[in-house]
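Next comes protein_22.txt, a file with compact mmCIF, C-alpha atoms.
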```
# COMPACT_ATOMS: atom_id res chain seq x y z
CA MET R 1 -108.03 16.81 29.41
CA ASN R 2 -106.71 20.20 28.61
CA THR R 3 -107.18 22.09 25.44
CA LEU R 4 -103.65 21.35 23.96
CA THR R 5 -104.09 17.62 24.36
CA LYS R 6 -107.50 17.74 22.77
CA THR R 7 -106.00 19.69 19.87
CA LEU R 8 -103.26 17.13 19.27
CA ILE R 9 -105.65 14.19 19.36
CA ILE R 10 -107.91 15.88 16.86
CA THR R 11 -104.88 16.66 14.65
CA PHE R 12 -103.65 13.04 14.60
CA LEU R 13 -107.21 11.83 13.82
CA LEU R 14 -107.44 14.25 10.93
CA LEU R 15 -103.93 13.22 9.62
CA SER R 16 -104.88 9.56 9.80
CA ILE R 17 -108.10 10.26 7.92
CA ALA R 18 -105.91 12.15 5.31
CA GLY R 19 -103.55 9.16 4.87
CA PHE R 20 -100.52 10.26 7.01
CA SER R 21 -98.82 8.13 9.65
CA GLN R 22 -95.95 8.60 12.12
CA SER R 23 -92.44 9.46 10.65
CA VAL R 24 -90.00 6.50 10.53
CA GLY R 25 -86.27 7.23 9.88
CA GLY R 26 -85.59 3.78 8.42
CA VAL R 27 -82.38 1.86 8.02
CA THR R 28 -79.19 2.91 6.14
CA SER R 29 -76.87 0.36 4.60
CA GLY R 30 -73.56 0.49 2.73
CA GLY R 31 -71.09 0.85 5.56
CA ALA R 32 -67.56 -0.18 4.50
CA SER R 33 -63.84 0.11 5.27
CA TYR R 34 -61.29 1.70 2.95
CA CYS R 35 -57.74 3.00 2.82
CA SER R 36 -57.47 6.77 2.74
CA GLY R 37 -57.94 8.59 -0.54
CA ASN R 38 -58.98 5.74 -2.82
CA ASN R 39 -62.64 4.90 -2.28
CA SER R 40 -66.17 5.49 -3.57
CA GLY R 41 -69.69 4.15 -3.03
CA PHE R 42 -73.23 4.82 -1.77
CA VAL R 43 -75.13 4.72 1.50
CA THR R 44 -78.77 3.68 0.90
CA LEU R 45 -81.93 4.27 2.97
CA THR R 46 -84.67 1.63 3.30
CA GLY R 47 -87.69 1.01 5.62
CA SER R 48 -88.40 4.70 6.18
CA ASN R 49 -91.80 6.38 6.38
CA GLY R 50 -92.05 9.96 5.26
CA SER R 51 -90.03 12.23 3.06
CA VAL R 52 -86.27 12.61 3.21
CA LEU R 53 -85.58 16.09 4.46
CA PHE R 54 -81.73 15.85 4.24
CA TRP R 55 -78.76 13.63 4.97
CA GLN R 56 -76.23 14.27 7.70
CA THR R 57 -72.52 13.43 8.05
CA SER R 58 -70.20 13.38 11.04
CA ILE R 59 -66.40 13.07 11.15
CA ASN R 60 -66.19 12.94 14.95
CA ALA R 61 -68.19 9.77 15.65
CA GLY R 62 -71.55 11.61 15.92
CA ALA R 63 -70.50 14.33 18.33
CA THR R 64 -71.60 16.91 15.76
CA TRP R 65 -73.45 16.55 12.47
CA THR R 66 -73.35 18.45 9.21
CA ASN R 67 -76.45 18.64 6.95
CA VAL R 68 -76.18 17.53 3.33
CA SER R 69 -78.72 18.89 0.83
CA ASN R 70 -79.87 15.55 -0.50
CA THR R 71 -83.56 14.44 -0.42
CA THR R 72 -83.04 11.11 -2.16
CA THR R 73 -82.74 7.73 -0.52
CA SER R 74 -79.03 7.34 -1.39
CA GLN R 75 -75.90 9.33 -0.66
CA SER R 76 -72.62 8.96 -2.58
CA TYR R 77 -69.08 9.38 -1.28
CA LEU R 78 -65.71 9.65 -3.08
CA ASN R 79 -62.09 9.46 -1.90
CA LEU R 80 -62.77 9.99 1.76
CA THR R 81 -59.67 10.64 3.86
CA GLN R 82 -61.21 10.14 7.32
CA THR R 83 -63.87 7.96 8.92
CA THR R 84 -67.35 9.38 8.20
CA HIS R 85 -70.84 8.59 9.73
CA TYR R 86 -73.99 8.92 7.61
CA ARG R 87 -77.70 9.19 8.61
CA VAL R 88 -80.99 10.51 7.19
CA VAL R 89 -83.67 12.81 8.64
CA VAL R 90 -87.23 11.80 7.59
CA LYS R 91 -90.60 13.51 8.19
CA ASP R 92 -94.13 12.32 7.36
CA GLY R 93 -96.60 15.14 7.15
CA ALA R 94 -97.08 16.93 10.42
CA PHE R 95 -95.58 14.13 12.42
CA PRO R 96 -92.29 14.82 14.15
CA GLU R 97 -88.99 14.16 12.28
CA ASP R 98 -87.21 10.85 12.76
CA THR R 99 -83.57 9.84 12.03
CA SER R 100 -82.37 6.67 10.37
CA THR R 101 -79.81 4.24 11.63
CA ILE R 102 -76.18 5.26 11.13
CA SER R 103 -73.83 3.75 8.52
CA VAL R 104 -70.08 4.18 8.95
CA ILE R 105 -67.47 4.47 6.21
CA THR R 106 -64.28 3.61 8.07
CA ILE R 107 -61.10 5.13 6.61
CA TYR R 108 -57.71 3.71 7.59
CA THR R 109 -54.36 5.46 7.29
CA PRO R 110 -52.27 3.92 4.43
CA SER R 111 -49.72 1.32 5.44
CA ASN R 112 -46.21 2.65 6.07
CA GLY R 113 -43.39 0.14 6.09
CA GLY R 114 -41.24 2.29 8.36
CA ILE R 115 -37.48 2.37 8.80
CA LEU R 116 -35.12 -0.50 9.51
CA THR R 117 -32.02 0.08 11.61
CA GLY R 118 -29.19 -2.32 12.25
CA GLY R 119 -27.09 -4.21 9.75
CA GLY R 120 -23.80 -2.86 8.41
CA THR R 121 -20.58 -4.31 7.07
CA PHE R 122 -18.85 -7.21 8.80
CA CYS R 123 -15.77 -9.35 8.38
CA ASP R 124 -16.32 -13.03 7.47
CA THR R 125 -19.58 -13.60 9.42
CA ALA R 126 -22.28 -11.38 10.91
CA SER R 127 -24.77 -11.65 13.77
CA GLY R 128 -27.03 -8.95 15.11
CA ILE R 129 -30.55 -7.54 15.32
CA LEU R 130 -32.66 -5.40 12.98
CA THR R 131 -35.29 -3.07 14.45
CA LEU R 132 -38.33 -1.54 12.74
CA SER R 133 -39.58 1.93 13.70
CA GLY R 134 -41.82 4.66 12.27
CA TYR R 135 -44.24 2.17 10.70
CA VAL R 136 -48.05 2.32 10.37
CA GLY R 137 -49.94 -0.96 10.55
CA ASN R 138 -48.97 -4.43 11.60
CA VAL R 139 -45.92 -6.45 10.58
CA THR R 140 -47.11 -9.33 8.40
CA ASN R 141 -43.71 -10.86 7.63
CA TRP R 142 -40.08 -10.12 6.82
CA LEU R 143 -38.19 -10.67 3.56
CA PHE R 144 -34.52 -11.31 2.73
CA SER R 145 -32.52 -11.45 -0.49
CA THR R 146 -29.04 -12.82 -1.22
CA ASN R 147 -28.91 -11.72 -4.87
CA GLY R 148 -29.05 -7.98 -4.47
CA GLY R 149 -32.83 -7.74 -4.41
CA VAL R 150 -33.53 -9.65 -7.62
CA SER R 151 -35.67 -12.09 -5.65
CA TRP R 152 -36.90 -12.19 -2.06
CA ILE R 153 -37.67 -14.98 0.40
CA SER R 154 -40.28 -14.60 3.14
CA ILE R 155 -39.48 -14.95 6.84
CA ALA R 156 -42.37 -15.86 9.18
CA ASN R 157 -41.93 -13.09 11.71
CA SER R 158 -44.63 -10.58 12.70
CA THR R 159 -42.60 -8.73 15.33
CA THR R 160 -40.76 -5.44 14.93
CA SER R 161 -37.29 -6.99 15.29
CA LEU R 162 -35.32 -9.72 13.55
CA ASN R 163 -32.22 -11.54 14.72
CA TYR R 164 -29.69 -12.62 12.10
CA ILE R 165 -27.04 -15.16 13.06
CA ASN R 166 -23.80 -16.28 11.35
CA ILE R 167 -24.52 -14.63 8.00
CA THR R 168 -21.71 -15.38 5.55
CA GLN R 169 -22.89 -13.62 2.40
CA ASN R 170 -24.28 -10.23 1.51
CA THR R 171 -27.95 -10.18 2.55
CA LEU R 172 -30.71 -7.57 2.25
CA TYR R 173 -33.65 -7.41 4.67
CA MET R 174 -36.98 -5.58 4.82
CA ALA R 175 -40.23 -5.82 6.81
CA VAL R 176 -43.73 -5.94 5.28
CA VAL R 177 -46.44 -3.88 7.03
CA GLN R 178 -50.22 -3.69 6.45
CA ASN R 179 -52.66 -1.33 8.17
CA GLU R 180 -55.95 -3.36 8.04
CA PRO R 181 -56.85 -5.60 5.09
CA SER R 182 -58.32 -2.69 3.15
CA CYS R 183 -54.91 -0.99 2.79
CA PRO R 184 -52.19 -2.32 0.50
CA LYS R 185 -49.09 -3.71 2.15
CA ASP R 186 -45.97 -1.56 2.30
CA SER R 187 -42.34 -2.52 2.76
CA SER R 188 -39.83 -0.86 5.03
CA THR R 189 -36.51 0.60 4.06
CA ILE R 190 -33.88 -1.99 3.23
CA ALA R 191 -31.22 -2.95 5.75
CA SER R 192 -28.01 -4.42 4.39
CA VAL R 193 -25.78 -6.97 6.03
CA LEU R 194 -22.59 -6.89 3.97
CA ILE R 195 -19.82 -9.45 4.37
CA ASP R 196 -16.17 -8.72 3.62
CA GLN R 197 -14.00 -11.79 3.24
CA ASN R 198 -11.00 -12.13 5.53
CA THR R 199 -7.93 -10.27 4.33
CA ILE R 200 -5.40 -12.36 2.39
CA PRO R 201 -2.06 -10.51 2.35
CA GLY R 202 -0.70 -12.33 -0.70
CA ILE R 203 2.87 -13.14 -1.71
CA LEU R 204 5.83 -10.84 -2.40
CA THR R 205 8.51 -11.70 -4.94
CA GLN R 206 11.33 -12.21 -4.15
CA ASN R 207 14.56 -12.28 -2.10
CA ASP R 208 17.58 -10.97 -3.98
CA THR R 209 21.22 -10.03 -3.58
CA VAL R 210 22.47 -6.76 -5.06
CA CYS R 211 25.52 -4.54 -4.98
CA ALA R 212 25.47 -1.35 -2.96
CA PHE R 213 24.85 2.05 -4.53
CA ILE R 214 24.06 0.85 -8.03
CA ASN R 215 20.90 -1.31 -7.92
CA GLU R 216 17.29 -1.17 -8.99
CA ASP R 217 14.48 -3.72 -9.25
CA SER R 218 10.76 -4.08 -8.58
CA LEU R 219 8.91 -6.04 -5.91
CA THR R 220 5.47 -7.37 -6.86
CA LEU R 221 2.55 -8.40 -4.66
CA SER R 222 0.20 -11.10 -5.98
CA GLY R 223 -2.56 -13.33 -4.65
CA ASN R 224 -3.83 -10.72 -2.20
CA LEU R 225 -7.48 -10.20 -1.23
CA GLY R 226 -7.86 -6.61 -0.17
CA ASN R 227 -6.21 -3.29 -0.91
CA VAL R 228 -2.59 -2.37 -0.27
CA ILE R 229 -2.59 0.07 2.63
CA ASP R 230 1.16 0.72 2.47
CA TRP R 231 4.59 -0.82 2.01
CA GLN R 232 7.16 -0.86 4.79
CA PHE R 233 10.93 -1.32 4.97
CA SER R 234 13.38 -2.16 7.73
CA THR R 235 17.15 -1.79 7.81
CA ASN R 236 17.61 -3.45 11.21
CA ASN R 237 16.34 -6.96 10.50
CA GLY R 238 12.71 -6.12 11.27
CA SER R 239 13.23 -4.52 14.69
CA THR R 240 11.55 -1.35 13.45
CA TRP R 241 9.58 -0.65 10.29
CA ASN R 242 9.13 2.53 8.28
CA ASN R 243 6.18 3.36 6.03
CA ILE R 244 6.94 4.04 2.39
CA GLY R 245 3.63 5.62 1.33
CA ASN R 246 2.95 3.33 -1.63
CA THR R 247 -0.49 1.76 -2.20
CA ASP R 248 0.29 -0.01 -5.48
CA ASN R 249 0.90 -3.74 -5.89
CA THR R 250 4.39 -2.94 -7.17
CA TYR R 251 7.27 -1.11 -5.50
CA ILE R 252 10.58 -0.19 -7.16
CA TYR R 253 13.67 0.10 -4.98
CA SER R 254 16.95 1.63 -6.13
CA ASN R 255 20.44 2.61 -4.95
CA LEU R 256 20.27 0.67 -1.68
CA ILE R 257 23.38 0.88 0.47
CA THR R 258 22.45 -1.60 3.19
CA THR R 259 20.49 -4.84 3.45
CA THR R 260 16.78 -3.97 3.51
CA TRP R 261 13.64 -5.93 4.39
CA TYR R 262 10.30 -5.16 2.72
CA ARG R 263 6.68 -6.12 3.39
CA SER R 264 3.19 -5.01 2.34
CA LEU R 265 0.18 -4.14 4.52
CA VAL R 266 -3.16 -5.36 3.08
CA LYS R 267 -6.70 -4.71 4.31
CA ASN R 268 -9.97 -6.02 2.86
CA GLY R 269 -12.94 -3.83 3.76
CA VAL R 270 -13.61 -3.80 7.51
CA CYS R 271 -11.43 -6.84 8.15
CA PHE R 272 -8.16 -6.60 10.03
CA THR R 273 -5.00 -5.42 8.29
CA ASP R 274 -2.60 -8.30 7.55
CA THR R 275 1.04 -8.26 6.47
CA THR R 276 2.87 -10.28 3.87
CA ASP R 277 5.92 -12.38 4.54
CA THR R 278 9.16 -10.42 4.41
CA VAL R 279 11.31 -10.07 1.31
CA ILE R 280 14.99 -9.51 2.00
CA ILE R 281 17.21 -7.57 -0.40
CA THR R 282 20.75 -8.40 0.68
CA VAL R 283 23.14 -5.58 -0.19
CA ASN R 284 26.84 -6.38 -0.68
CA THR R 285 29.31 -3.54 -0.34
CA PRO R 286 31.97 -3.67 -3.11
CA ASN R 287 35.62 -4.09 -2.14
CA SER R 288 37.36 -0.72 -2.11
CA VAL R 289 39.80 0.14 -4.87
CA ASN R 290 42.47 2.84 -5.15
CA ALA R 291 44.07 3.83 -8.44
CA GLY R 292 46.99 5.59 -6.75
CA ASN R 293 48.18 9.18 -6.84
CA ASP R 294 48.11 11.39 -9.92
CA VAL R 295 51.44 11.61 -11.68
CA SER R 296 53.16 13.86 -14.24
CA ILE R 297 55.63 12.61 -16.90
CA VAL R 298 57.46 13.99 -19.88
CA GLN R 299 56.24 12.72 -23.23
CA PHE R 300 57.56 9.26 -24.06
CA GLU R 301 58.45 8.68 -20.42
CA ILE R 302 57.09 5.52 -18.77
CA THR R 303 55.45 5.52 -15.35
CA THR R 304 53.92 2.81 -13.16
CA LEU R 305 50.30 2.80 -12.01
CA ASN R 306 49.86 1.03 -8.68
CA GLY R 307 46.23 0.13 -7.94
CA THR R 308 45.21 -1.55 -4.69
CA GLY R 309 42.22 -3.73 -3.90
CA VAL R 310 40.97 -7.32 -3.98
CA GLY R 311 39.15 -8.66 -7.03
CA SER R 312 39.32 -8.78 -10.79
CA VAL R 313 41.00 -5.71 -12.31
CA SER R 314 40.29 -3.77 -15.47
CA TRP R 315 41.92 -0.47 -16.51
CA TYR R 316 40.35 1.87 -19.07
CA PRO R 317 41.37 3.18 -21.48
CA THR R 318 44.03 0.61 -22.32
CA THR R 319 46.07 2.99 -24.50
CA GLY R 320 49.67 3.08 -23.36
CA LEU R 321 49.19 0.36 -20.68
CA SER R 322 51.28 -2.77 -20.50
CA SER R 323 48.95 -4.84 -18.27
CA PRO R 324 45.37 -3.46 -18.27
CA ASN R 325 44.11 -6.39 -16.15
CA SER R 326 46.67 -6.10 -13.36
CA LEU R 327 46.70 -3.85 -10.32
CA THR R 328 50.20 -2.71 -11.29
CA THR R 329 50.83 -1.69 -14.89
CA SER R 330 53.27 0.44 -16.85
CA ALA R 331 51.80 3.50 -18.53
CA ALA R 332 53.28 5.54 -21.39
CA PRO R 333 50.53 7.78 -22.79
CA ASN R 334 51.38 10.31 -25.49
CA GLN R 335 49.07 12.88 -23.96
CA THR R 336 47.50 13.64 -20.60
CA THR R 337 45.13 10.76 -19.81
CA THR R 338 42.69 9.83 -17.02
CA TYR R 339 42.85 6.11 -16.34
CA TYR R 340 39.98 4.33 -14.55
CA ILE R 341 40.45 1.14 -12.60
CA THR R 342 37.41 -1.11 -12.09
CA LEU R 343 37.52 -3.78 -9.39
CA THR R 344 34.99 -6.64 -9.55
CA ASP R 345 34.69 -8.71 -6.36
CA SER R 346 33.41 -12.25 -5.81
CA ASN R 347 29.81 -10.96 -5.63
CA SER R 348 30.19 -9.30 -9.04
CA CYS R 349 30.07 -5.91 -7.34
CA GLN R 350 32.24 -3.22 -8.85
CA SER R 351 34.11 -0.24 -7.48
CA ILE R 352 35.88 2.39 -9.54
CA ASP R 353 38.68 4.89 -8.98
CA SER R 354 40.77 7.02 -11.31
CA VAL R 355 44.25 8.48 -11.69
CA ILE R 356 45.45 11.27 -13.97
CA VAL R 357 48.71 10.93 -15.86
CA THR R 358 49.72 14.38 -17.01
CA VAL R 359 52.04 14.34 -20.08
CA ASP R 360 54.32 17.31 -20.58
CA ILE R 361 55.74 17.79 -24.10
CA PRO R 362 59.24 19.38 -23.79
CA VAL R 363 59.66 22.52 -25.83
CA PRO R 364 63.00 24.42 -25.87
CA ASN R 365 62.90 28.10 -24.98
CA ALA R 366 66.10 29.42 -26.65
CA ILE R 367 67.94 29.12 -29.95
CA SER R 368 71.26 30.60 -31.22
CA PRO R 369 70.91 30.67 -35.01
CA ASN R 370 74.52 31.71 -35.80
CA GLY R 371 75.38 28.94 -38.25
CA ASP R 372 77.66 26.99 -35.92
CA GLY R 373 75.44 23.92 -36.17
CA ILE R 374 74.58 24.07 -32.47
CA ASN R 375 71.05 24.99 -31.43
CA ASP R 376 70.41 26.76 -34.71
CA PHE R 377 66.78 25.58 -35.04
CA PHE R 378 63.71 25.55 -32.76
CA VAL R 379 63.47 21.76 -32.37
CA ILE R 380 60.52 20.05 -30.71
CA ASP R 381 61.23 16.38 -30.11
CA GLY R 382 58.63 14.04 -31.57
CA ILE R 383 56.73 16.77 -33.39
CA GLU R 384 56.60 14.52 -36.45
CA ARG R 385 54.18 12.25 -34.57
CA PHE R 386 51.55 14.99 -34.69
CA ASN R 387 50.69 15.31 -38.36
CA ALA R 388 48.00 17.95 -37.79
CA ASN R 389 50.17 20.30 -35.71
CA THR R 390 50.45 24.06 -36.28
CA ILE R 391 52.73 26.71 -34.84
CA GLU R 392 52.52 30.47 -34.72
CA ILE R 393 55.33 32.73 -33.44
CA PHE R 394 54.63 36.31 -32.35
CA ASN R 395 56.80 39.30 -31.57
CA ARG R 396 56.26 41.31 -28.45
CA TYR R 397 53.68 43.46 -30.25
CA GLY R 398 51.51 40.43 -30.96
CA ASN R 399 52.31 40.29 -34.66
CA ILE R 400 52.81 36.90 -36.27
CA VAL R 401 56.34 36.67 -37.59
CA PHE R 402 56.35 32.96 -38.44
CA SER R 403 53.73 30.21 -38.92
CA LYS R 404 53.88 26.66 -40.21
CA SER R 405 51.46 23.73 -40.57
CA PRO R 406 52.58 21.10 -40.04
CA TYR R 407 55.68 22.36 -38.28
CA ASN R 408 58.86 20.34 -39.03
CA ASN R 409 61.46 21.96 -36.75
CA SER R 410 62.41 24.51 -39.46
CA PHE R 411 62.32 27.80 -37.54
CA ASN R 412 65.88 29.25 -37.32
CA GLY R 413 65.26 32.83 -36.28
CA LYS R 414 64.03 33.99 -39.65
CA SER R 415 60.61 35.34 -40.44
CA GLY R 416 58.22 33.68 -42.79
CA SER R 417 59.51 35.87 -45.61
CA GLY R 418 63.12 34.78 -44.95
CA GLY R 419 64.48 37.85 -43.17
CA GLU R 420 66.42 37.47 -39.94
CA LEU R 421 64.53 38.47 -36.86
CA PRO R 422 66.22 40.65 -34.28
CA ASP R 423 67.51 38.98 -31.16
CA GLY R 424 65.00 39.05 -28.34
CA ILE R 425 61.99 37.33 -26.82
CA TYR R 426 59.27 35.83 -29.04
CA TYR R 427 56.14 33.91 -28.14
CA TYR R 428 54.68 30.79 -29.68
CA LEU R 429 51.30 29.00 -29.83
CA LEU R 430 51.75 25.30 -30.55
CA ASN R 431 48.73 23.14 -31.35
CA PHE R 432 49.31 19.40 -31.65
CA GLY R 433 45.93 18.66 -33.24
CA VAL R 434 42.42 17.58 -32.22
CA GLY R 435 42.28 16.16 -28.69
CA TYR R 436 45.42 17.87 -27.41
CA GLU R 437 45.73 20.95 -25.29
CA PRO R 438 47.57 23.80 -27.09
CA GLN R 439 50.88 24.86 -25.55
CA THR R 440 52.22 28.34 -25.25
CA GLY R 441 55.63 29.65 -24.28
CA TYR R 442 58.46 31.91 -25.29
CA ILE R 443 61.58 31.60 -27.44
CA LEU R 444 64.71 33.54 -26.84
CA ILE R 445 66.70 34.32 -30.01
CA LYS R 446 70.35 34.99 -29.17
CA ARG R 447 72.93 34.76 -31.90
```

Could you render the structure as structure tokens?
Amino acid sequence: MNTLTKTLIITFLLLSIAGFSQSVGGVTSGGASYCSGNNSGFVTLTGSNGSVLFWQTSINAGATWTNVSNTTTSQSYLNLTQTTHYRVVVKDGAFPEDTSTISVITIYTPSNGGILTGGGTFCDTASGILTLSGYVGNVTNWLFSTNGGVSWISIANSTTSLNYINITQNTLYMAVVQNEPSCPKDSSTIASVLIDQNTIPGILTQNDTVCAFINEDSLTLSGNLGNVIDWQFSTNNGSTWNNIGNTDNTYIYSNLITTTWYRSLVKNGVCFTDTTDTVIITVNTPNSVNAGNDVSIVQFEITTLNGTGVGSVSWYPTTGLSSPNSLTTSAAPNQTTTYYITLTDSNSCQSIDSVIVTVDIPVPNAISPNGDGINDFFVIDGIERFNANTIEIFNRYGNIVFSKSPYNNSFNGKSGSGGELPDGIYYYLLNFGVGYEPQTGYILIKR
């Protein structure tokens, strides 16, 4: 027996006599499992022999340890974010140190519901697959809602995909994920399966017959399910169609000159575009009418207006006409007049033409006021019919030498003051009254 061994034996005998015994690390308890960031508790030491020198923690499964300055038999923890191992180092007197058993506080990552892909908008019915990705934990079940998320119904499916078949109403889906029982469940993003009803094009009102050039009415779409994409028209019985660029439920047409077909294009959501039945606006071209050639007459002369065409006749104005409802009528206007003839055919379509009857009022241009009773006065036939007439007579210098209102054929070569005017050329301005064109001319005085 060497000296060192003898020394140790003597030391242990002396420690035993002094009341010391071998160090015992003991047993720790209080291991638990939590979700990250929301936890607290204690790890407790029992069955040890000796004094607690310190506690130790490890966050790498015991590969390395960190001392904690705690000499009590319990160690607290709060809001751990990663799995942590705990143990105690114990020493009794001069005996070697001993370590306790290890207690583990297991920390799990919080549940993450992840992201759902799939779904979308469909026409009438929908079938497809939803896929979950980016989640943390295990899928416990799926949920669906047909009332916009007000209430949810569970689907017994713990996989990361869900098939939906023949869905006919708007439906929301989400997956429920839990990472270990200690972590609260989390739901995924919501996937929507939206259903658009089949397009219903509706009804257009209504076929009509109109006259060319002068027409206007509205077409109305009703009973449609979906939005109006455009209106179209065809002037070749539907062989080709042209877009109008109108997205309203009403379209107003006007001044059509040929028979035209109309229809509306309607589309509901993602469903196919559908077209309405065709509305036909039949356009009748009025029979042509001709009022004849313009004509000139002398006042009180009678002329004949010869209109041509097929249909009911109406002349306007009727002043001076003998037969205002006949194609041929005598006309004796007192002044220049434009007559309009309106022809109404069997379809109630009208056409109009006009003719001008120019009325010349004869005015003499010479008098010989020598008292022989022949051509002594400036006489205008029928002047008495124009009660509001006026006349002014000027010499060649533009000076008024005679005026009268109303004029009564009394000018006999004398001035307004009664003196005889020299022979020569004079000029007159004759106004017949409101609505008549003034006339001008000259008068030769030759005695």

Nearest residue to Cys183 in chain R out of R:Cys35, R:Leu221, R:Ile107, R:Ile153, using all atoms listed in the file? R:Cys35

For Asp196 in chain R, which residue out of R:Leu327, R:Leu172, R:Cys123, R:Ile352 is the nearest one, using only C-alpha atoms?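 Of R:Leu327, R:Leu172, R:Cys123, R:Ile352, the one nearest Asp196 in chain R, counting only C-alpha atoms, is R:Cys123.
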
Pick out the closest residue to Asn409 in chain R from this set: R:Thr275, R:Ile380, R:Pro422, R:Arg396. Count only C-alpha atoms.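 Of R:Thr275, R:Ile380, R:Pro422, R:Arg396, the one nearest Asn409 in chain R is R:Ile380, counting only C-alpha atoms.
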
Skip Glu384 in chain R itself and residues of its chain fewer than 5 positions away, then list as number ranges by chain all residues within 9 Å of it, counting all atoms listed in the file. R: 389, 406-409

Let me make sure I understand: among R:Trp65, R:Tyr253, R:Phe54, R:Phe377, which one has the smallest atom-to-atom distance to Val88 in chain R if we use all atoms listed in the file?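 Closest residue, counting all atoms listed in the file: R:Phe54.
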